[in-house]
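Trainee: Structure file protein-v1.tsv, TSV, C-alpha atoms, is pasted below:
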chain	number	residue	atom	x	y	z
P	1	MET	CA	102.70	-35.79	177.24
P	2	GLY	CA	99.74	-34.47	175.30
P	3	THR	CA	102.00	-33.31	172.52
P	4	THR	CA	103.41	-36.79	171.80
P	5	LEU	CA	99.96	-38.28	171.25
P	6	SER	CA	99.27	-39.10	167.66
P	7	TYR	CA	95.54	-39.38	168.26
P	8	THR	CA	93.48	-36.39	169.22
P	9	GLU	CA	91.24	-36.69	172.25
P	10	ILE	CA	88.20	-36.72	169.98
P	11	GLU	CA	89.64	-39.66	168.05
P	12	LEU	CA	90.34	-41.46	171.28
P	13	VAL	CA	86.82	-40.91	172.57
P	14	GLN	CA	85.25	-42.00	169.30
P	15	GLY	CA	87.53	-45.04	169.18
P	16	LEU	CA	86.54	-46.08	172.67
P	17	GLN	CA	82.88	-45.58	171.87
P	18	ALA	CA	83.38	-47.80	168.81
P	19	ARG	CA	84.90	-50.45	171.13
P	20	ASP	CA	88.26	-50.28	169.38
P	21	GLU	CA	90.62	-52.52	171.37
P	22	LYS	CA	93.71	-51.18	169.69
P	23	LEU	CA	92.83	-47.67	170.74
P	24	PHE	CA	92.16	-48.87	174.23
P	25	GLY	CA	95.68	-50.34	174.27
P	26	TYR	CA	97.05	-47.06	173.01
P	27	LEU	CA	95.15	-45.15	175.67
P	28	TYR	CA	96.54	-47.48	178.30
P	29	ASP	CA	100.11	-47.08	177.09
P	30	HIS	CA	99.88	-43.31	177.12
P	31	TYR	CA	97.88	-42.61	180.24
P	32	SER	CA	98.50	-45.49	182.61
P	33	PRO	CA	101.70	-44.06	184.16
P	34	ALA	CA	99.92	-40.85	185.13
P	35	LEU	CA	96.83	-42.64	186.43
P	36	TYR	CA	98.92	-45.24	188.24
P	37	GLY	CA	100.92	-42.42	189.82
P	38	VAL	CA	97.72	-40.85	191.13
P	39	ALA	CA	96.49	-44.20	192.48
P	40	LEU	CA	99.82	-44.94	194.12
P	41	LYS	CA	99.95	-41.55	195.74
P	42	ILE	CA	96.55	-42.13	197.30
P	43	VAL	CA	96.50	-45.80	198.28
P	44	THR	CA	100.29	-45.97	198.85
P	45	ASP	CA	100.84	-49.67	198.23
P	46	ASP	CA	101.70	-51.23	194.86
P	47	ALA	CA	99.15	-54.03	194.93
P	48	SER	CA	96.19	-51.79	195.74
P	49	ALA	CA	97.35	-49.22	193.21
P	50	GLY	CA	97.44	-51.92	190.55
P	51	ASP	CA	93.90	-53.01	191.43
P	52	VAL	CA	92.76	-49.40	191.32
P	53	LEU	CA	94.40	-48.85	187.95
P	54	GLN	CA	92.68	-51.90	186.52
P	55	GLU	CA	89.31	-50.74	187.80
P	56	VAL	CA	89.93	-47.24	186.44
P	57	PHE	CA	90.51	-48.49	182.91
P	58	ILE	CA	87.48	-50.75	183.02
P	59	LYS	CA	85.41	-47.76	184.13
P	60	ILE	CA	86.84	-45.69	181.28
P	61	TRP	CA	85.97	-48.44	178.81
P	62	LYS	CA	82.49	-48.99	180.19
P	63	ASN	CA	81.54	-45.39	180.89
P	64	ILE	CA	83.03	-43.56	177.93
P	65	ASP	CA	79.53	-42.51	176.87
P	66	ARG	CA	79.28	-40.53	180.08
P	67	TYR	CA	82.33	-38.45	179.26
P	68	ASP	CA	81.18	-34.87	178.72
P	69	PRO	CA	83.73	-32.82	176.72
P	70	SER	CA	82.12	-29.58	177.84
P	71	LYS	CA	83.33	-30.27	181.38
P	72	GLY	CA	86.94	-30.78	180.47
P	73	ARG	CA	89.46	-32.80	178.54
P	74	LEU	CA	89.49	-36.58	178.43
P	75	PHE	CA	92.61	-36.66	180.59
P	76	THR	CA	90.92	-34.56	183.27
P	77	TRP	CA	87.94	-36.94	183.23
P	78	MET	CA	90.24	-39.95	183.58
P	79	LEU	CA	92.10	-38.25	186.43
P	80	ASN	CA	88.83	-37.71	188.26
P	81	ILE	CA	87.95	-41.39	187.85
P	82	ALA	CA	91.39	-42.40	189.09
P	83	ARG	CA	91.25	-40.14	192.12
P	84	ASN	CA	87.72	-41.18	193.07
P	85	THR	CA	88.39	-44.89	192.59
P	86	ALA	CA	91.56	-44.69	194.66
P	87	ILE	CA	89.84	-42.75	197.43
P	88	ASP	CA	86.97	-45.26	197.47
P	89	SER	CA	89.49	-48.04	197.83
P	90	LEU	CA	91.26	-46.19	200.60
P	91	ARG	CA	88.00	-45.52	202.40
P	92	SER	CA	86.83	-49.11	202.27
P	93	LYS	CA	90.18	-50.11	203.73
P	94	ALA	CA	90.05	-47.39	206.35
P	95	HIS	CA	86.58	-48.64	207.20
P	96	LYS	CA	87.88	-52.15	207.79
P	97	LEU	CA	90.62	-50.66	209.89
P	98	ASP	CA	88.08	-48.71	211.89
P	99	GLN	CA	86.57	-51.90	213.10
P	100	LYS	CA	89.85	-52.73	214.79
P	101	VAL	CA	90.99	-49.37	216.09
P	102	GLN	CA	89.41	-46.42	217.79
P	103	ASP	CA	87.68	-43.83	215.65
P	104	VAL	CA	89.89	-41.06	216.84
P	105	THR	CA	93.15	-42.73	215.94
P	106	SER	CA	91.99	-43.77	212.50
P	107	ALA	CA	92.04	-40.19	211.37
P	108	ASN	CA	95.69	-40.06	212.34
P	109	LEU	CA	96.43	-43.40	210.71
P	110	MET	CA	94.99	-42.17	207.48
P	111	TYR	CA	97.09	-39.15	207.66
P	112	GLU	CA	100.49	-40.38	208.88
P	113	PRO	CA	101.53	-42.71	206.05
P	114	GLN	CA	101.21	-39.84	203.64
P	115	LEU	CA	104.15	-38.02	205.12
P	116	ALA	CA	106.34	-41.06	204.63
P	117	VAL	CA	105.31	-41.22	200.99
P	118	HIS	CA	106.47	-37.72	200.40
P	119	LEU	CA	109.92	-38.74	201.47
P	120	SER	CA	110.00	-41.92	199.41
P	121	VAL	CA	108.68	-40.53	196.15
P	122	ASP	CA	111.87	-39.39	194.61
P	123	HIS	CA	111.01	-37.09	191.80
P	124	LEU	CA	112.88	-33.91	191.32
P	125	GLY	CA	110.00	-31.89	189.95
P	126	LEU	CA	107.57	-33.16	192.53
P	127	THR	CA	109.92	-32.58	195.42
P	128	LYS	CA	110.46	-29.06	194.22
P	129	VAL	CA	106.78	-28.32	194.01
P	130	ILE	CA	105.85	-29.87	197.31
P	131	GLU	CA	108.77	-28.37	199.16
P	132	GLY	CA	107.78	-24.99	197.86
P	133	LEU	CA	104.56	-25.15	199.84
P	134	PRO	CA	104.47	-24.07	203.45
P	135	LYS	CA	103.93	-27.08	205.71
P	136	ASP	CA	100.45	-26.11	206.86
P	137	GLN	CA	99.32	-25.83	203.24
P	138	ARG	CA	101.01	-29.09	202.28
P	139	ILE	CA	99.10	-31.00	204.93
P	140	ILE	CA	95.80	-29.61	203.70
P	141	ILE	CA	96.58	-30.62	200.11
P	142	ASP	CA	97.51	-34.11	201.26
P	143	LEU	CA	94.37	-34.63	203.26
P	144	ALA	CA	92.04	-33.09	200.74
P	145	TYR	CA	93.42	-34.11	197.40
P	146	PHE	CA	95.10	-37.38	198.18
P	147	LYS	CA	93.02	-38.66	201.05
P	148	GLY	CA	89.71	-37.30	199.89
P	149	CYS	CA	88.92	-35.79	203.28
P	150	THR	CA	86.17	-33.20	203.35
P	151	GLN	CA	86.94	-29.77	204.69
P	152	GLU	CA	84.99	-30.63	207.85
P	153	GLU	CA	87.06	-33.78	208.36
P	154	ILE	CA	90.27	-31.84	207.92
P	155	ALA	CA	89.16	-29.25	210.45
P	156	LYS	CA	88.46	-32.05	212.90
P	157	THR	CA	91.66	-33.97	212.21
P	158	LEU	CA	93.90	-30.94	212.53
P	159	ASP	CA	91.74	-29.33	215.18
P	160	ILE	CA	91.49	-25.99	213.41
P	161	PRO	CA	88.43	-23.91	212.47
P	162	LEU	CA	86.64	-24.72	209.21
P	163	GLY	CA	87.23	-21.18	207.96
P	164	THR	CA	90.98	-21.64	208.39
P	165	VAL	CA	90.85	-24.88	206.41
P	166	LYS	CA	89.10	-23.13	203.56
P	167	THR	CA	91.55	-20.25	203.51
P	168	ARG	CA	94.59	-22.51	203.66
P	169	MET	CA	93.23	-24.76	200.96
P	170	ARG	CA	92.62	-21.86	198.66
P	171	ASN	CA	96.08	-20.44	199.32
P	172	ALA	CA	97.71	-23.84	198.88
P	173	ILE	CA	96.21	-24.46	195.48
P	174	MET	CA	96.95	-20.95	194.29
P	175	GLN	CA	100.52	-21.37	195.50
P	176	LEU	CA	100.72	-24.72	193.72
P	177	ARG	CA	99.73	-23.07	190.48
P	178	ILE	CA	102.47	-20.48	190.82
P	179	LEU	CA	105.03	-23.18	191.56
P	180	LEU	CA	103.92	-25.27	188.60
P	181	LYS	CA	104.36	-22.37	186.27
P	182	GLN	CA	107.99	-22.10	187.35
P	183	LEU	CA	108.86	-25.72	186.51
D	184	MET	CA	78.01	-11.14	188.87
D	185	ASP	CA	81.53	-9.88	189.51
D	186	VAL	CA	83.29	-12.33	187.20
D	187	GLN	CA	86.83	-11.29	188.07
D	188	GLY	CA	86.05	-11.42	191.77
D	189	TYR	CA	84.61	-14.89	191.34
D	190	ILE	CA	87.64	-16.08	189.40
D	191	SER	CA	90.09	-14.79	191.97
D	192	SER	CA	88.08	-16.09	194.94
D	193	GLY	CA	89.86	-19.45	194.76
D	194	ILE	CA	86.71	-21.50	194.36
D	195	LEU	CA	87.66	-22.58	190.83
D	196	GLU	CA	90.95	-24.02	192.09
D	197	SER	CA	89.06	-26.04	194.65
D	198	TYR	CA	86.59	-27.14	191.98
D	199	VAL	CA	89.24	-28.40	189.59
D	200	PHE	CA	91.09	-30.24	192.32
D	201	GLY	CA	87.84	-31.94	193.34
D	202	LEU	CA	87.69	-30.44	196.80
D	203	LEU	CA	84.16	-29.06	196.78
D	204	SER	CA	81.00	-30.70	198.04
D	205	GLU	CA	78.63	-31.96	195.37
D	206	THR	CA	76.27	-29.04	195.89
D	207	GLU	CA	79.05	-26.48	195.53
D	208	GLN	CA	80.34	-28.37	192.52
D	209	ARG	CA	77.00	-28.09	190.74
D	210	GLU	CA	76.82	-24.39	191.55
D	211	VAL	CA	80.24	-23.84	189.99
D	212	GLU	CA	79.23	-25.79	186.89
D	213	ILE	CA	76.24	-23.55	186.39
D	214	ILE	CA	78.49	-20.48	186.53
D	215	ILE	CA	81.00	-22.08	184.15
D	216	ALA	CA	78.26	-22.66	181.60
D	217	GLN	CA	77.22	-19.01	181.82
D	218	TYR	CA	80.54	-17.16	181.78
D	219	PRO	CA	83.16	-17.85	179.09
D	220	ALA	CA	85.88	-16.16	181.15
D	221	VAL	CA	85.20	-18.55	184.03
D	222	LYS	CA	85.23	-21.48	181.65
D	223	ALA	CA	88.57	-20.40	180.21
D	224	THR	CA	90.06	-20.16	183.70
D	225	VAL	CA	88.78	-23.62	184.56
D	226	GLN	CA	90.36	-25.05	181.43
D	227	GLU	CA	93.67	-23.47	182.35
D	228	LEU	CA	93.42	-24.88	185.86
D	229	GLN	CA	92.62	-28.33	184.51
D	230	GLN	CA	95.79	-28.22	182.46
D	231	ASP	CA	97.76	-27.14	185.52
D	232	ARG	CA	96.35	-30.12	187.34
D	233	GLU	CA	97.28	-32.42	184.47
D	234	ARG	CA	100.82	-31.13	184.70
D	235	PHE	CA	100.77	-31.53	188.44
D	236	VAL	CA	99.83	-35.21	188.37
D	237	GLN	CA	102.37	-35.94	185.63
D	238	LEU	CA	104.97	-35.30	188.30
D	239	TYR	CA	103.81	-38.49	190.00
D	240	ALA	CA	103.69	-40.61	186.83
D	241	MET	CA	105.13	-44.07	187.24
D	242	ALA	CA	105.09	-47.18	185.05
D	243	PRO	CA	102.51	-49.66	186.37
D	244	PRO	CA	103.26	-53.41	186.73
D	245	MET	CA	103.51	-55.06	183.31
D	246	ASP	CA	100.76	-57.65	183.72
D	247	ILE	CA	97.89	-55.19	184.18
D	248	LYS	CA	97.56	-54.35	180.51
D	249	ASP	CA	97.11	-57.97	179.44
D	250	ARG	CA	94.62	-58.55	182.21
D	251	LEU	CA	92.63	-55.54	181.08
D	252	LEU	CA	92.66	-56.55	177.44
D	253	ASN	CA	91.37	-59.99	178.42
D	254	ILE	CA	88.60	-58.45	180.46
D	255	ILE	CA	87.40	-56.14	177.71
D	256	ARG	CA	87.58	-58.91	175.11
D	257	GLU	CA	85.44	-61.14	177.27
D	258	GLU	CA	83.21	-58.44	178.65
D	259	GLU	CA	80.15	-59.60	176.79
D	260	THR	CA	80.53	-63.16	178.04
D	261	THR	CA	79.45	-64.40	181.45
D	262	ALA	CA	83.04	-65.35	182.28
D	263	GLY	CA	84.32	-61.89	181.41
D	264	ASN	CA	81.51	-60.19	183.23
D	265	SER	CA	82.25	-62.06	186.42
D	266	LEU	CA	85.80	-60.66	186.41
D	267	LEU	CA	84.44	-57.15	186.80
D	268	PRO	CA	83.98	-55.36	190.09
D	269	ASP	CA	80.35	-55.58	191.27
D	270	GLU	CA	79.23	-52.11	190.33
D	271	LEU	CA	80.52	-52.54	186.80
D	272	ARG	CA	78.88	-55.85	186.07
D	273	ALA	CA	76.49	-54.55	183.82
D	274	PRO	CA	73.65	-53.82	181.59
D	275	GLY	CA	74.86	-56.36	179.06
D	276	PRO	CA	73.00	-59.43	177.82
D	277	ALA	CA	75.07	-61.61	180.15
D	278	ARG	CA	73.55	-59.91	183.18
D	279	SER	CA	69.94	-59.84	182.14
D	280	ALA	CA	70.03	-63.50	181.15
D	281	LYS	CA	71.47	-64.32	184.54
D	282	GLU	CA	68.88	-62.25	186.36
D	283	LYS	CA	66.05	-63.97	184.59
D	284	ASN	CA	67.42	-67.32	185.65
D	285	THR	CA	67.72	-66.45	189.29
For this file, write the structure as structure tokens.
Mentor:
Amino acid sequence: MGTTLSYTEIELVQGLQARDEKLFGYLYDHYSPALYGVALKIVTDDASAGDVLQEVFIKIWKNIDRYDPSKGRLFTWMLNIARNTAIDSLRSKAHKLDQKVQDVTSANLMYEPQLAVHLSVDHLGLTKVIEGLPKDQRIIIDLAYFKGCTQEEIAKTLDIPLGTVKTRMRNAIMQLRILLKQL
Amino acid sequence: MDVQGYISSGILESYVFGLLSETEQREVEIIIAQYPAVKATVQELQQDRERFVQLYAMAPPMDIKDRLLNIIREEETTAGNSLLPDELRAPGPARSAKEKNT
């Protein structure tokens, strides 16, 4: 996608800082599918993902002065906002859910729907990448990246030692990199 | 520091994918600032992650863009400000005026 952009990231950042609405529209057109995809993967329902996306773009608009190019590209920064906003939304929902169900089962509830999503997201490239991961690594990626679980929470949920979680996570992401290079 | 050892330890992958605790994250950022080779690896990983999430890309519902444009156009007004989520209602004139009144 980056190659089809006719604005450079610097131009985009400067435009946003100058409160340029047209540039904001351009940014939305070019990045919203990716950010919406991230939101949808995490919160799993269309309505919440739409709310998350809206909040993400408002945060981008309001907080553009906090973007620090030395820490990474604009897209990376936006992805971090999208992931964090979606996880916050998920957590506040999980919290409401907690009030109705037992603590122990909520960990499972948070985790189960994710498996269904894997099956329903029909994207050739994605399926290839995810299927390439061993199942134990895939679960860790799901819980950590898409559910925002800490390593301690994952250890508890899956009932495995913390050290194992760390090793599997490291292996999973390294494996993911190798798979991505083959696409 | 053993730069190559650090790079191949896997911690940078976890950093880029946002899986570290805040303390660990800050530690990594200090290292990144010190070692160009580490920084280069992080940049590569960030691009991998960008590619990774593109696999999930999906067109959002059509009405969101218009809603957003309305919000940012009105952001300096009280009406626009009230459309924002709490934590973003902000350091604008609309807010301070309101705070003084209440």
Trainee: Pick the closest to chain D from P:Ile58, P:Ile81, P:Leu12, P:Val52: which is it, counting all atoms listed in the file?
Mentor: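 Result for the nearest residue to chain D: P:Ile58.
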Trainee: Residues of chain P within 8 Å of chain D, using only C-alpha atoms, as a PyMOL selection string?
Mentor: chain P and resi 21+25+28+32-38+41+50+54-55+57-59+61-62+72+75-76+80+123+125-126+144-145+148+150-151+169-171+173-174+177+180
Trainee: Go ahead and compute the interatomic distance for CA of Gly188 in chain D and CA of Val165 in chain P, in Å to one decimal.
Mentor: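 These two atoms are separated by 20.5 Å.
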Trainee: Using only C-alpha atoms, which residues sit within 6 Å of range 134-140 of chain P once same-chain residues fewer than 2 positions away are excluded, as a list in words?
Mentor: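 Residues meeting the cut-off are Asp142, Leu143, Ala144, Arg168 and Ala172 of chain P.
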Trainee: Give me the residues within 12 Å of Ile214 in chain D as a ChimeraX atom specification, counting only C-alpha atoms and dropping any in the same chain fewer than 5 places off.
Mentor: /D:184-186,189-190,194-195,198,207-209,219-225
Trainee: Rounded to one decimal in Å, what is the spacing between CA of Asp51 in chain P and CA of Leu16 in chain P?
Mentor: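 Taking CA of Asp51 in chain P as the start and CA of Leu16 in chain P as the end point, the length is 21.3 Å.
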Trainee: Between CA of Ser48 in chain P and CA of Leu90 in chain P, what distance in Å does the model show, to one decimal?
Mentor: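 Distance reported for this atom pair: 8.9 Å.
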Trainee: Give the answer as one residue: which of P:Leu53, P:Ile60, P:Val129, P:Ala47 has the shortest atom-to-atom distance to Leu176 in chain P, using all atoms listed in the file?
Mentor: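 Using all atoms listed in the file, Leu176 in chain P sits closest to P:Val129.
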Trainee: Since the input has fewer atoms than a full residue there, write range 227-253 of chain D out with N, CA and C atoms, as a PDB file, in the coordinates of the input.
Mentor:
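The resulting file, part.pdb, is reproduced below:
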ATOM      1  N   GLU D 227      92.269 -23.693 182.009  1.00  0.00           N
ATOM      2  CA  GLU D 227      93.670 -23.470 182.350  1.00  0.00           C
ATOM      3  C   GLU D 227      94.057 -24.261 183.605  1.00  0.00           C
ATOM      4  N   LEU D 228      93.172 -24.187 184.595  1.00  0.00           N
ATOM      5  CA  LEU D 228      93.420 -24.880 185.860  1.00  0.00           C
ATOM      6  C   LEU D 228      93.477 -26.395 185.652  1.00  0.00           C
ATOM      7  N   GLN D 229      92.616 -26.893 184.764  1.00  0.00           N
ATOM      8  CA  GLN D 229      92.620 -28.330 184.510  1.00  0.00           C
ATOM      9  C   GLN D 229      93.956 -28.749 183.902  1.00  0.00           C
ATOM     10  N   GLN D 230      94.488 -27.880 183.033  1.00  0.00           N
ATOM     11  CA  GLN D 230      95.790 -28.220 182.460  1.00  0.00           C
ATOM     12  C   GLN D 230      96.900 -28.151 183.488  1.00  0.00           C
ATOM     13  N   ASP D 231      96.784 -27.202 184.412  1.00  0.00           N
ATOM     14  CA  ASP D 231      97.760 -27.140 185.520  1.00  0.00           C
ATOM     15  C   ASP D 231      97.714 -28.436 186.315  1.00  0.00           C
ATOM     16  N   ARG D 232      96.497 -28.899 186.555  1.00  0.00           N
ATOM     17  CA  ARG D 232      96.350 -30.120 187.340  1.00  0.00           C
ATOM     18  C   ARG D 232      96.927 -31.311 186.578  1.00  0.00           C
ATOM     19  N   GLU D 233      96.709 -31.332 185.270  1.00  0.00           N
ATOM     20  CA  GLU D 233      97.280 -32.420 184.470  1.00  0.00           C
ATOM     21  C   GLU D 233      98.796 -32.413 184.569  1.00  0.00           C
ATOM     22  N   ARG D 234      99.362 -31.226 184.545  1.00  0.00           N
ATOM     23  CA  ARG D 234     100.820 -31.130 184.700  1.00  0.00           C
ATOM     24  C   ARG D 234     101.244 -31.591 186.085  1.00  0.00           C
ATOM     25  N   PHE D 235     100.464 -31.184 187.056  1.00  0.00           N
ATOM     26  CA  PHE D 235     100.770 -31.530 188.440  1.00  0.00           C
ATOM     27  C   PHE D 235     100.842 -33.043 188.623  1.00  0.00           C
ATOM     28  N   VAL D 236      99.829 -33.756 188.137  1.00  0.00           N
ATOM     29  CA  VAL D 236      99.830 -35.210 188.370  1.00  0.00           C
ATOM     30  C   VAL D 236     100.889 -35.911 187.531  1.00  0.00           C
ATOM     31  N   GLN D 237     101.297 -35.309 186.420  1.00  0.00           N
ATOM     32  CA  GLN D 237     102.370 -35.940 185.630  1.00  0.00           C
ATOM     33  C   GLN D 237     103.645 -36.071 186.450  1.00  0.00           C
ATOM     34  N   LEU D 238     103.774 -35.233 187.454  1.00  0.00           N
ATOM     35  CA  LEU D 238     104.970 -35.300 188.300  1.00  0.00           C
ATOM     36  C   LEU D 238     105.013 -36.612 189.081  1.00  0.00           C
ATOM     37  N   TYR D 239     103.882 -37.239 189.242  1.00  0.00           N
ATOM     38  CA  TYR D 239     103.810 -38.490 190.000  1.00  0.00           C
ATOM     39  C   TYR D 239     103.824 -39.716 189.090  1.00  0.00           C
ATOM     40  N   ALA D 240     103.837 -39.491 187.774  1.00  0.00           N
ATOM     41  CA  ALA D 240     103.690 -40.610 186.830  1.00  0.00           C
ATOM     42  C   ALA D 240     104.719 -41.702 187.085  1.00  0.00           C
ATOM     43  N   MET D 241     104.258 -42.936 186.974  1.00  0.00           N
ATOM     44  CA  MET D 241     105.130 -44.070 187.240  1.00  0.00           C
ATOM     45  C   MET D 241     104.616 -45.268 186.442  1.00  0.00           C
ATOM     46  N   ALA D 242     105.528 -46.033 185.849  1.00  0.00           N
ATOM     47  CA  ALA D 242     105.090 -47.180 185.050  1.00  0.00           C
ATOM     48  C   ALA D 242     104.409 -48.211 185.941  1.00  0.00           C
ATOM     49  N   PRO D 243     103.199 -48.639 185.573  1.00  0.00           N
ATOM     50  CA  PRO D 243     102.510 -49.660 186.370  1.00  0.00           C
ATOM     51  C   PRO D 243     103.087 -51.054 186.103  1.00  0.00           C
ATOM     52  N   PRO D 244     102.802 -52.034 186.959  1.00  0.00           N
ATOM     53  CA  PRO D 244     103.260 -53.410 186.730  1.00  0.00           C
ATOM     54  C   PRO D 244     102.840 -53.894 185.331  1.00  0.00           C
ATOM     55  N   MET D 245     103.706 -54.664 184.699  1.00  0.00           N
ATOM     56  CA  MET D 245     103.510 -55.060 183.310  1.00  0.00           C
ATOM     57  C   MET D 245     102.233 -55.870 183.050  1.00  0.00           C
ATOM     58  N   ASP D 246     101.843 -56.696 184.007  1.00  0.00           N
ATOM     59  CA  ASP D 246     100.760 -57.650 183.720  1.00  0.00           C
ATOM     60  C   ASP D 246      99.372 -57.022 183.646  1.00  0.00           C
ATOM     61  N   ILE D 247      99.238 -55.783 184.104  1.00  0.00           N
ATOM     62  CA  ILE D 247      97.890 -55.190 184.180  1.00  0.00           C
ATOM     63  C   ILE D 247      97.275 -54.997 182.795  1.00  0.00           C
ATOM     64  N   LYS D 248      98.100 -54.610 181.839  1.00  0.00           N
ATOM     65  CA  LYS D 248      97.560 -54.350 180.510  1.00  0.00           C
ATOM     66  C   LYS D 248      96.934 -55.613 179.909  1.00  0.00           C
ATOM     67  N   ASP D 249      97.643 -56.730 180.000  1.00  0.00           N
ATOM     68  CA  ASP D 249      97.110 -57.970 179.440  1.00  0.00           C
ATOM     69  C   ASP D 249      95.815 -58.376 180.141  1.00  0.00           C
ATOM     70  N   ARG D 250      95.824 -58.213 181.458  1.00  0.00           N
ATOM     71  CA  ARG D 250      94.620 -58.550 182.210  1.00  0.00           C
ATOM     72  C   ARG D 250      93.426 -57.728 181.732  1.00  0.00           C
ATOM     73  N   LEU D 251      93.698 -56.440 181.539  1.00  0.00           N
ATOM     74  CA  LEU D 251      92.630 -55.540 181.080  1.00  0.00           C
ATOM     75  C   LEU D 251      92.127 -55.921 179.699  1.00  0.00           C
ATOM     76  N   LEU D 252      93.072 -56.202 178.805  1.00  0.00           N
ATOM     77  CA  LEU D 252      92.660 -56.550 177.440  1.00  0.00           C
ATOM     78  C   LEU D 252      91.820 -57.819 177.458  1.00  0.00           C
ATOM     79  N   ASN D 253      92.191 -58.774 178.297  1.00  0.00           N
ATOM     80  CA  ASN D 253      91.370 -59.990 178.420  1.00  0.00           C
ATOM     81  C   ASN D 253      89.976 -59.656 178.917  1.00  0.00           C
TER      82      ASN D 253
END
